Amino acid sequence: MAVASTVLYMIFHVMCHELRLIFREPRFWIPFLFPPVILVASQGIAVSRYGVQIMEGMEGYMMLLLGCLMAPMGAPLASDSFAGERERNSLELLQLSPVKPSEIFWGKFLAVLPFSLAFALAVQAFYWVGHPDVGSTVCLCAMLCAVASCFLINSFSLVLSLRAKTVRAATQGTLFLVIPLLLMVQFTYEILLKSVGVAAGVLLGSFLVGVVTVAISLRKFTSL
C-alpha cells in the first residue's frame, strides 16, 4: 500500500510539473481556440446565406465534429513531452533522476490528456446549450466519441514524440492523424450518433488500442 501511494505521488508530482510548464507557454493554447471559433463562424455564415433549413438535422454532426476536432489539438503538448526533452538535451538527465521512467511517463501522459478532453467536452456542452433541440442521446454519443478520439490521438502522439528527434517533426507527424479522424466523422457520423451502445463500443475500442499504444510507448521510453 505504501509503495502504491509513493508511485501515485511521484506520478502526480511529475504531472503537476508538466502542467506548470504548459501554463507558462500561452502559445500552446492557440490551437484550442481557433478551430471551434472557425466552425461556429462557418455555420453562422451558412445559416445566414442559405437559411436555417440547410442545417436541419446536422446539429448532431456539428457537435460530433467539434468534439473530435479538439482531440488533435493536444498534439503540440504531447509532441513536446519527450521530443522537447530531447531537443533541450534534458531527456538523459530526466532518465537519471530518482523518479522511475514509468512514473515520468504516466505523469507526462496524464498532464497532456485532460486538456483535449476538457476542451472537447466544454465546446460540445456550449454547442448543446445553443442548440437545445439536439437530443440527449445524440449529445451523449457525441461526447463519448470525443473522449475516444482524445484518448486515441494523444496516445499515438506520445509514440511519435518518443521516436521523433524534434518537436516540429513530432507535431508534423501528428497532423496526419487528423485526416482519418475527419473521414471517420464525415462518413460514419450517422452510425456513431445512432445509439449509445455504438458510441460506447467505439470508446472501448479506442481505449484498448490506446492502452496497447501507451504500453509500447512506455516500453520504448524505459529502454532508451
# chains A, B, ... in the order shown; residues from 1 in each chain; ligands from 1
$ residues_around --residues "A:Thr171" --least-positions-apart "2" --cutoff "6 Å" --atoms "only C-alpha atoms" --output "NGL selection string"
:A and (76 or 79 or 168-169 or 173-174)
$ write_last_selection --atoms "all heavy atoms" --output "PDB file, in the first residue's frame"
ATOM      1  N   PRO A  76       0.390  19.264 -29.976  1.00  0.00           N
ATOM      2  CA  PRO A  76       1.607  20.031 -29.630  1.00  0.00           C
ATOM      3  C   PRO A  76       2.097  19.763 -28.209  1.00  0.00           C
ATOM      4  O   PRO A  76       3.304  19.744 -27.958  1.00  0.00           O
ATOM      5  CB  PRO A  76       1.158  21.489 -29.802  1.00  0.00           C
ATOM      6  CG  PRO A  76       0.039  21.437 -30.773  1.00  0.00           C
ATOM      7  CD  PRO A  76      -0.674  20.160 -30.474  1.00  0.00           C
ATOM      8  N   SER A  79       3.560  16.227 -28.270  1.00  0.00           N
ATOM      9  CA  SER A  79       4.802  16.223 -29.044  1.00  0.00           C
ATOM     10  C   SER A  79       5.968  16.783 -28.237  1.00  0.00           C
ATOM     11  O   SER A  79       7.111  16.332 -28.368  1.00  0.00           O
ATOM     12  CB  SER A  79       4.624  17.046 -30.322  1.00  0.00           C
ATOM     13  OG  SER A  79       3.613  16.491 -31.137  1.00  0.00           O
ATOM     14  N   ARG A 168       9.106  19.761 -33.835  1.00  0.00           N
ATOM     15  CA  ARG A 168       8.483  20.035 -35.129  1.00  0.00           C
ATOM     16  C   ARG A 168       8.166  18.746 -35.875  1.00  0.00           C
ATOM     17  O   ARG A 168       7.087  18.605 -36.448  1.00  0.00           O
ATOM     18  CB  ARG A 168       9.401  20.919 -35.976  1.00  0.00           C
ATOM     19  CG  ARG A 168       8.854  21.217 -37.365  1.00  0.00           C
ATOM     20  CD  ARG A 168       9.793  22.105 -38.162  1.00  0.00           C
ATOM     21  NE  ARG A 168       9.910  23.409 -37.548  1.00  0.00           N
ATOM     22  CZ  ARG A 168      10.663  24.390 -38.045  1.00  0.00           C
ATOM     23  NH1 ARG A 168      11.389  24.168 -39.149  1.00  0.00           N
ATOM     24  NH2 ARG A 168      10.707  25.566 -37.443  1.00  0.00           N
ATOM     25  N   ALA A 169       9.110  17.808 -35.870  1.00  0.00           N
ATOM     26  CA  ALA A 169       8.885  16.536 -36.555  1.00  0.00           C
ATOM     27  C   ALA A 169       7.746  15.756 -35.913  1.00  0.00           C
ATOM     28  O   ALA A 169       6.919  15.155 -36.607  1.00  0.00           O
ATOM     29  CB  ALA A 169      10.165  15.704 -36.548  1.00  0.00           C
ATOM     30  N   GLY A 173       4.081  14.973 -37.689  1.00  0.00           N
ATOM     31  CA  GLY A 173       3.606  13.597 -37.798  1.00  0.00           C
ATOM     32  C   GLY A 173       2.187  13.431 -37.296  1.00  0.00           C
ATOM     33  O   GLY A 173       1.390  12.682 -37.870  1.00  0.00           O
ATOM     34  N   THR A 174       1.853  14.141 -36.237  1.00  0.00           N
ATOM     35  CA  THR A 174       0.504  14.015 -35.680  1.00  0.00           C
ATOM     36  C   THR A 174      -0.557  14.662 -36.565  1.00  0.00           C
ATOM     37  O   THR A 174      -1.737  14.356 -36.426  1.00  0.00           O
ATOM     38  CB  THR A 174       0.437  14.661 -34.286  1.00  0.00           C
ATOM     39  OG1 THR A 174       0.859  16.030 -34.369  1.00  0.00           O
ATOM     40  CG2 THR A 174       1.329  13.928 -33.302  1.00  0.00           C
TER      41      THR A 174
END
$ residues_around --residues "A:Leu65" --least-positions-apart "5" --cutoff "12 Å" --atoms "only C-alpha atoms" --output "NGL selection string"
:A and (35-36 or 39-40 or 58-60 or 70-72 or 120-121 or 123-124 or 127 or 139 or 141-143 or 145-146 or 149 or 178 or 181-189 or 192-193)
$ closest_residue --among "A:Leu94, A:Ala215, A:Leu203, A:Ala78" --to "A:Phe109" --atoms "only C-alpha atoms"
A:Ala78
$ atom_distance --atom1 "atom CA of A:Pro114" --atom2 "atom CA of A:Ser81"
14.2 Å
$ atom_distance --atom1 "atom CA of A:Val196" --atom2 "atom CA of A:Leu158"
28.9 Å
$ closest_residue --among "A:Ala75, A:Val99, A:Gly107, A:Ser195" --to "A:Phe156" --atoms "only C-alpha atoms"
A:Ala75
$ closest_residue --among "A:Pro101, A:Gly205, A:Gly135, A:Gly197" --to "A:Leu218" --atoms "only C-alpha atoms"
A:Pro101
$ residues_around --residues "A:Lys220" --least-positions-apart "5" --cutoff "10 Å" --atoms "only C-alpha atoms" --output "PyMOL selection string"
chain A and resi 159+162-163+214-215
$ write_last_selection --atoms "C-alpha atoms" --output "compact mmCIF listing (two decimals), in the first residue's frame"
# COMPACT_ATOMS: atom_id res chain seq x y z
CA VAL A 159 4.58 7.36 -29.61
CA LEU A 162 9.29 9.34 -28.35
CA ARG A 163 10.51 8.47 -31.85
CA VAL A 214 0.75 3.57 -24.35
CA ALA A 215 2.30 0.26 -23.29
